[in-house]
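Data file: coords16.cif. Format and content: mmCIF, C-alpha atoms.
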```cif
data_data
loop_
_atom_site.group_PDB
_atom_site.id
_atom_site.type_symbol
_atom_site.label_atom_id
_atom_site.label_comp_id
_atom_site.auth_asym_id
_atom_site.auth_seq_id
_atom_site.Cartn_x
_atom_site.Cartn_y
_atom_site.Cartn_z
ATOM 1 C CA MET A 213 -71.804 -52.247 58.864
ATOM 2 C CA LEU A 214 -68.031 -51.868 59.348
ATOM 3 C CA TRP A 215 -66.535 -48.610 60.603
ATOM 4 C CA VAL A 216 -62.856 -47.820 60.435
ATOM 5 C CA THR A 217 -61.398 -44.982 62.458
ATOM 6 C CA ALA A 218 -57.903 -43.668 62.955
ATOM 7 C CA SER A 219 -56.173 -45.113 65.988
ATOM 8 C CA THR A 220 -55.215 -41.663 67.211
ATOM 9 C CA SER A 221 -57.097 -38.487 66.627
ATOM 10 C CA PRO A 222 -55.166 -35.263 66.149
ATOM 11 C CA LYS A 223 -55.290 -32.811 68.993
ATOM 12 C CA PRO A 224 -56.707 -29.385 68.160
ATOM 13 C CA ALA A 225 -53.218 -27.841 68.335
ATOM 14 C CA ASP A 226 -51.940 -30.361 65.731
ATOM 15 C CA VAL A 227 -54.551 -29.422 63.126
ATOM 16 C CA LEU A 228 -53.476 -26.751 60.655
ATOM 17 C CA PRO A 229 -56.064 -24.214 59.600
ATOM 18 C CA VAL A 230 -57.540 -24.692 56.144
ATOM 19 C CA GLU A 231 -55.771 -21.501 55.028
ATOM 20 C CA HIS A 232 -52.386 -23.233 55.447
ATOM 21 C CA TYR A 233 -53.544 -26.123 53.285
ATOM 22 C CA VAL A 234 -54.962 -23.829 50.616
ATOM 23 C CA ALA A 235 -51.828 -21.656 50.606
ATOM 24 C CA GLY A 236 -49.767 -24.742 49.786
ATOM 25 C CA LEU A 237 -51.861 -25.829 46.798
ATOM 26 C CA ALA A 238 -50.258 -25.645 43.362
ATOM 27 C CA ARG A 239 -51.125 -22.689 41.154
ATOM 28 C CA LYS A 240 -51.533 -23.259 37.422
ATOM 29 C CA ARG A 241 -52.029 -20.623 34.797
ATOM 30 C CA GLN A 242 -55.082 -21.105 32.604
ATOM 31 C CA VAL A 243 -55.551 -20.076 29.002
ATOM 32 C CA ALA A 244 -58.706 -20.272 26.898
ATOM 33 C CA GLY A 245 -58.850 -20.124 23.121
ATOM 34 C CA VAL A 246 -61.456 -20.513 20.408
ATOM 35 C CA LEU A 247 -61.206 -22.522 17.200
ATOM 36 C CA PHE A 248 -63.093 -20.788 14.389
ATOM 37 C CA ARG A 249 -63.226 -22.378 10.942
ATOM 38 C CA ASP A 250 -64.412 -21.340 7.512
ATOM 39 C CA GLU A 251 -66.515 -23.418 5.089
ATOM 40 C CA ASP A 252 -63.328 -25.063 3.767
ATOM 41 C CA GLY A 253 -62.139 -26.153 7.231
ATOM 42 C CA ARG A 254 -59.376 -23.571 7.489
ATOM 43 C CA VAL A 255 -58.727 -22.055 10.920
ATOM 44 C CA LEU A 256 -58.924 -18.392 11.918
ATOM 45 C CA LEU A 257 -55.555 -17.046 13.082
ATOM 46 C CA ALA A 258 -54.761 -13.606 14.423
ATOM 47 C CA GLU A 259 -51.442 -11.842 13.859
ATOM 48 C CA PRO A 260 -50.581 -10.114 17.162
ATOM 49 C CA THR A 261 -48.911 -6.709 17.229
ATOM 50 C CA TYR A 262 -46.761 -7.625 20.237
ATOM 51 C CA LYS A 263 -45.074 -10.916 19.219
ATOM 52 C CA PRO A 264 -43.942 -12.734 16.076
ATOM 53 C CA ASN A 265 -46.068 -15.890 16.304
ATOM 54 C CA TRP A 266 -49.675 -15.949 15.191
ATOM 55 C CA GLU A 267 -52.376 -17.147 17.602
ATOM 56 C CA ILE A 268 -55.953 -18.278 17.735
ATOM 57 C CA PRO A 269 -58.333 -15.862 19.463
ATOM 58 C CA GLY A 270 -58.124 -16.195 23.233
ATOM 59 C CA GLY A 271 -55.932 -15.455 26.185
ATOM 60 C CA ALA A 272 -55.349 -15.758 29.909
ATOM 61 C CA VAL A 273 -58.131 -16.667 32.293
ATOM 62 C CA GLU A 274 -58.316 -13.944 34.927
ATOM 63 C CA ALA A 275 -58.920 -14.381 38.662
ATOM 64 C CA ASP A 276 -62.489 -15.411 39.470
ATOM 65 C CA GLU A 277 -63.260 -16.020 35.775
ATOM 66 C CA SER A 278 -64.282 -19.306 34.171
ATOM 67 C CA PRO A 279 -62.356 -20.529 31.117
ATOM 68 C CA TRP A 280 -65.455 -20.227 28.898
ATOM 69 C CA SER A 281 -66.094 -16.672 30.066
ATOM 70 C CA ALA A 282 -62.452 -15.810 29.413
ATOM 71 C CA ALA A 283 -62.647 -17.236 25.896
ATOM 72 C CA ALA A 284 -65.804 -15.249 25.087
ATOM 73 C CA ARG A 285 -64.330 -12.080 26.623
ATOM 74 C CA GLU A 286 -61.082 -12.407 24.664
ATOM 75 C CA VAL A 287 -62.936 -12.998 21.379
ATOM 76 C CA ALA A 288 -65.035 -9.882 21.995
ATOM 77 C CA GLU A 289 -61.976 -7.804 22.957
ATOM 78 C CA GLU A 290 -59.714 -9.034 20.156
ATOM 79 C CA LEU A 291 -62.180 -9.383 17.286
ATOM 80 C CA GLY A 292 -65.306 -7.467 18.263
ATOM 81 C CA LEU A 293 -67.243 -10.714 17.884
ATOM 82 C CA ASP A 294 -70.020 -11.496 20.351
ATOM 83 C CA ARG A 295 -71.428 -14.961 19.826
ATOM 84 C CA PRO A 296 -71.940 -18.036 21.989
ATOM 85 C CA LEU A 297 -69.116 -20.534 22.250
ATOM 86 C CA GLY A 298 -69.532 -24.129 21.245
ATOM 87 C CA ARG A 299 -68.416 -27.131 23.218
ATOM 88 C CA LEU A 300 -65.040 -27.831 24.748
ATOM 89 C CA LEU A 301 -62.742 -29.461 22.181
ATOM 90 C CA VAL A 302 -59.392 -29.778 23.969
ATOM 91 C CA VAL A 303 -57.929 -29.640 27.460
ATOM 92 C CA ASP A 304 -54.130 -29.455 27.184
ATOM 93 C CA TYR A 305 -51.695 -29.634 30.099
ATOM 94 C CA VAL A 306 -48.530 -27.672 29.299
ATOM 95 C CA ARG A 307 -45.270 -27.904 31.196
ATOM 96 C CA PRO A 308 -43.340 -24.809 32.288
ATOM 97 C CA GLN A 309 -41.761 -23.111 29.263
ATOM 98 C CA ASP A 310 -40.452 -19.728 28.124
ATOM 99 C CA ASN A 311 -40.427 -18.424 31.715
ATOM 100 C CA ARG A 312 -44.101 -19.367 32.106
ATOM 101 C CA PRO A 313 -45.374 -21.724 34.803
ATOM 102 C CA GLU A 314 -47.175 -24.933 33.974
ATOM 103 C CA GLY A 315 -50.728 -24.486 32.869
ATOM 104 C CA VAL A 316 -53.931 -25.805 31.430
ATOM 105 C CA VAL A 317 -55.218 -24.652 28.044
ATOM 106 C CA PHE A 318 -58.886 -24.938 27.103
ATOM 107 C CA LEU A 319 -59.862 -24.884 23.432
ATOM 108 C CA PHE A 320 -63.513 -24.208 22.597
ATOM 109 C CA ASP A 321 -65.377 -24.630 19.326
ATOM 110 C CA GLY A 322 -66.240 -21.289 17.736
ATOM 111 C CA GLY A 323 -68.018 -22.895 14.799
ATOM 112 C CA VAL A 324 -67.904 -21.850 11.168
ATOM 113 C CA LEU A 325 -67.516 -18.211 10.136
ATOM 114 C CA SER A 326 -68.543 -17.032 6.695
ATOM 115 C CA GLY A 327 -66.698 -14.549 4.541
ATOM 116 C CA ALA A 328 -69.224 -11.943 5.649
ATOM 117 C CA ASP A 329 -68.483 -12.803 9.294
ATOM 118 C CA LEU A 330 -64.768 -12.316 8.613
ATOM 119 C CA ALA A 331 -65.400 -8.977 6.904
ATOM 120 C CA GLY A 332 -67.481 -7.875 9.907
ATOM 121 C CA LEU A 333 -64.718 -8.496 12.450
ATOM 122 C CA THR A 334 -63.217 -5.444 14.122
ATOM 123 C CA PRO A 335 -59.755 -6.496 15.337
ATOM 124 C CA ALA A 336 -58.396 -4.496 18.281
ATOM 125 C CA ALA A 337 -55.713 -2.379 16.597
ATOM 126 C CA THR A 338 -53.526 -2.335 19.719
ATOM 127 C CA GLU A 339 -53.446 -6.148 19.825
ATOM 128 C CA ILE A 340 -54.231 -7.571 16.387
ATOM 129 C CA ARG A 341 -52.512 -6.602 13.140
ATOM 130 C CA SER A 342 -54.531 -8.926 10.892
ATOM 131 C CA VAL A 343 -56.720 -12.038 10.841
ATOM 132 C CA GLY A 344 -57.321 -14.711 8.254
ATOM 133 C CA PHE A 345 -58.182 -18.342 7.616
ATOM 134 C CA TYR A 346 -55.298 -20.778 7.158
ATOM 135 C CA SER A 347 -54.784 -24.460 6.419
ATOM 136 C CA LEU A 348 -52.995 -26.653 8.934
ATOM 137 C CA ASP A 349 -49.795 -26.505 6.844
ATOM 138 C CA GLU A 350 -49.977 -22.694 6.793
ATOM 139 C CA ILE A 351 -50.672 -22.695 10.538
ATOM 140 C CA ARG A 352 -47.527 -24.734 11.198
ATOM 141 C CA ALA A 353 -45.512 -22.046 9.374
ATOM 142 C CA ARG A 354 -47.028 -19.179 11.416
ATOM 143 C CA THR A 355 -47.400 -20.570 14.951
ATOM 144 C CA LYS A 356 -45.364 -22.391 17.536
ATOM 145 C CA GLN A 357 -45.436 -26.161 17.149
ATOM 146 C CA LEU A 358 -47.345 -26.585 20.420
ATOM 147 C CA LEU A 359 -50.240 -24.456 19.163
ATOM 148 C CA ALA A 360 -50.231 -26.090 15.728
ATOM 149 C CA ASP A 361 -50.395 -29.524 17.377
ATOM 150 C CA ARG A 362 -53.250 -28.387 19.647
ATOM 151 C CA ILE A 363 -55.149 -26.978 16.656
ATOM 152 C CA ALA A 364 -54.750 -30.286 14.789
ATOM 153 C CA VAL A 365 -56.172 -32.162 17.774
ATOM 154 C CA GLY A 366 -58.979 -29.578 18.043
ATOM 155 C CA LEU A 367 -59.929 -30.031 14.393
ATOM 156 C CA ALA A 368 -60.090 -33.806 14.863
ATOM 157 C CA ALA A 369 -62.130 -33.414 18.073
ATOM 158 C CA ALA A 370 -64.596 -31.101 16.292
ATOM 159 C CA ARG A 371 -64.917 -33.574 13.426
ATOM 160 C CA ASP A 372 -65.333 -36.589 15.739
ATOM 161 C CA GLY A 373 -67.651 -34.917 18.267
ATOM 162 C CA VAL A 374 -65.336 -35.567 21.233
ATOM 163 C CA THR A 375 -63.305 -33.665 23.796
ATOM 164 C CA ALA A 376 -59.603 -34.539 23.633
ATOM 165 C CA LEU A 377 -57.161 -34.514 26.512
ATOM 166 C CA CYS A 378 -53.595 -33.550 25.671
ATOM 167 C CA GLU A 379 -50.212 -33.139 27.269
ATOM 168 C CA GLN A 380 -48.022 -30.620 25.525
ATOM 169 C CA GLY A 381 -50.237 -30.683 22.433
ATOM 170 C CA VAL A 382 -50.160 -34.485 22.101
ATOM 171 C CA ARG A 383 -53.449 -36.302 22.522
ATOM 172 C CA VAL A 384 -53.479 -38.718 25.461
ATOM 173 C CA ALA A 385 -57.207 -39.497 25.613
#
```

Using the file provided, produce a representation of the structure as C-alpha cells.
Amino acid sequence: MLWVTASTSPKPADVLPVEHYVAGLARKRQVAGVLFRDEDGRVLLAEPTYKPNWEIPGGAVEADESPWSAAAREVAEELGLDRPLGRLLVVDYVRPQDNRPEGVVFLFDGGVLSGADLAGLTPAATEIRSVGFYSLDEIRARTKQLLADRIAVGLAAARDGVTALCEQGVRVA
C-alpha cells in the first residue's frame, strides 16, 4: 500500500475556519418550473400581472427549500393545483442577465392536464391574469427566447424519457 502525505503540515494558526471557506463559496439563484401539457402537446403558460412576458408555472427556490418543493409550492400558489410532480426534465445554467445573478433553473414534468383540469385551476388573481395551452410557435411569441428554448428542450426530454442539461437554454448533454 502506498501512502502520500504533504511534505509540510499546516500549523493550527494557518488553518482557516470552515466558516471562512463557506463564506467565500459562490451563490447561485435557483428557479424551479413545471411543464404541463394538454392532450395535443401544447404547453400551459401563465400571463403574469406584474410583467409583460408569459411564464410557465414556477418561481424562485427559497432558502432551505428543495427545487422540487419550490416547484410544487409555486404551482399550488399560482394555480391552486396540488398534484405530484413528475421527473426532472431540464437543468439549465443561466448567466447573469437583466440585473440578475447567474443561476440554475430546474424544469419538472407536470404531465398532461385535461380541459377539465384547466377549467378547475384557480389562478392567483394578484399574480396571474390568465392561463392557457400554447404551441411552441405561440410560446415563442409570448415568452423570452431563453424560456422558449428551455421549453423546447423540455418537450424533447419528456418525449425521449431523458433529463437534459442546458446552458442558456441550449442543450449541452

Using all atoms of stretch 278-297 of chain A listed in the file and a margin of 4 Å per side, can you give the axis-aligned box centre and edge lengths in Å to one decimal, as AutoDock Vina command-line options?
```
--center_x -65.8 --center_y -14.0 --center_z 25.7 --size_x 20.2 --size_y 21.1 --size_z 24.9
```

Give me the residues of stretch 355-380 of chain A that have any atom at most 9 Å from an atom of stretch 306-324 of chain A; for each, the nearest atom pair and the distance in Å, rounded to one decimal. Use all atoms listed in the file, sort by chain and number, and format it as CSV.
```
residue,atom,partner,partner_atom,distance
A:Arg362,CA,A:Leu319,CA,8.4
A:Ile363,CA,A:Leu319,CA,8.5
A:Gly366,CA,A:Leu319,CA,7.2
A:Ala370,CA,A:Asp321,CA,7.2
A:Cys378,CA,A:Val306,CA,8.6
A:Glu379,CA,A:Val306,CA,6.1
A:Gln380,CA,A:Val306,CA,4.8
```

Using all atoms listed in the file, I'd like a table of the residues in stretch 361-380 of chain A that come within 9 Å of stretch 290-300 of chain A; for each, show the closest atom pair and its distance in Å rounded to one decimal, ordered by chain and ascending number, as CSV.
```
residue,atom,partner,partner_atom,distance
A:Ala370,CA,A:Arg299,CA,8.9
A:Val374,CA,A:Leu300,CA,8.5
A:Thr375,CA,A:Leu300,CA,6.2
A:Ala376,CA,A:Leu300,CA,8.7
```

Fill in the blank from the handout: From the list A:Thr334, A:Ser326, A:Gln242, A:Gln357, the nearest residue to A:Glu277 using all atoms listed in the file is A:Gln242

Practice task
Name the residues that the PyMOL selection byres ((chain A and resi 254) around 7) picks from the file above, as a PyMOL selection string, using the file's chain letters and numbers.
Solution key: chain A and resi 249-250+252-253+255-256+345-347

Export of the given selection (C-alpha atoms) as a CSV table (one decimal), in the coordinates of the input:
```csv
chain,number,residue,atom,x,y,z
A,249,ARG,CA,-63.2,-22.4,10.9
A,250,ASP,CA,-64.4,-21.3,7.5
A,252,ASP,CA,-63.3,-25.1,3.8
A,253,GLY,CA,-62.1,-26.2,7.2
A,255,VAL,CA,-58.7,-22.1,10.9
A,256,LEU,CA,-58.9,-18.4,11.9
A,345,PHE,CA,-58.2,-18.3,7.6
A,346,TYR,CA,-55.3,-20.8,7.2
A,347,SER,CA,-54.8,-24.5,6.4
```

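Between atom CA of A:Leu333 and atom CA of A:Val365 there is a distance of 25.7 Å.
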
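Going from atom CA of A:Leu377 to atom CA of A:Trp280 covers 16.7 Å.
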
Exercise for the section: Take atom CA of A:Ala283 and atom CA of A:Ala258 and report the distance between them in Å, one decimal. Expected result: 14.4 Å

What's the 10 Å shell around A:Thr261, counting all atoms listed in the file, without same-chain residues fewer than 5 positions away, as a CSV table (one decimal) with C-alpha atoms, in the frame of the given file?
```
chain,number,residue,atom,x,y,z
A,266,TRP,CA,-49.7,-15.9,15.2
A,336,ALA,CA,-58.4,-4.5,18.3
A,337,ALA,CA,-55.7,-2.4,16.6
A,338,THR,CA,-53.5,-2.3,19.7
A,339,GLU,CA,-53.4,-6.1,19.8
A,340,ILE,CA,-54.2,-7.6,16.4
A,341,ARG,CA,-52.5,-6.6,13.1
A,342,SER,CA,-54.5,-8.9,10.9
```

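Distances from A:Ile351, A:Val302, A:Val343, A:Ala275 to A:Ala368 were compared using all atoms listed in the file, and the smallest one belongs to A:Val302.
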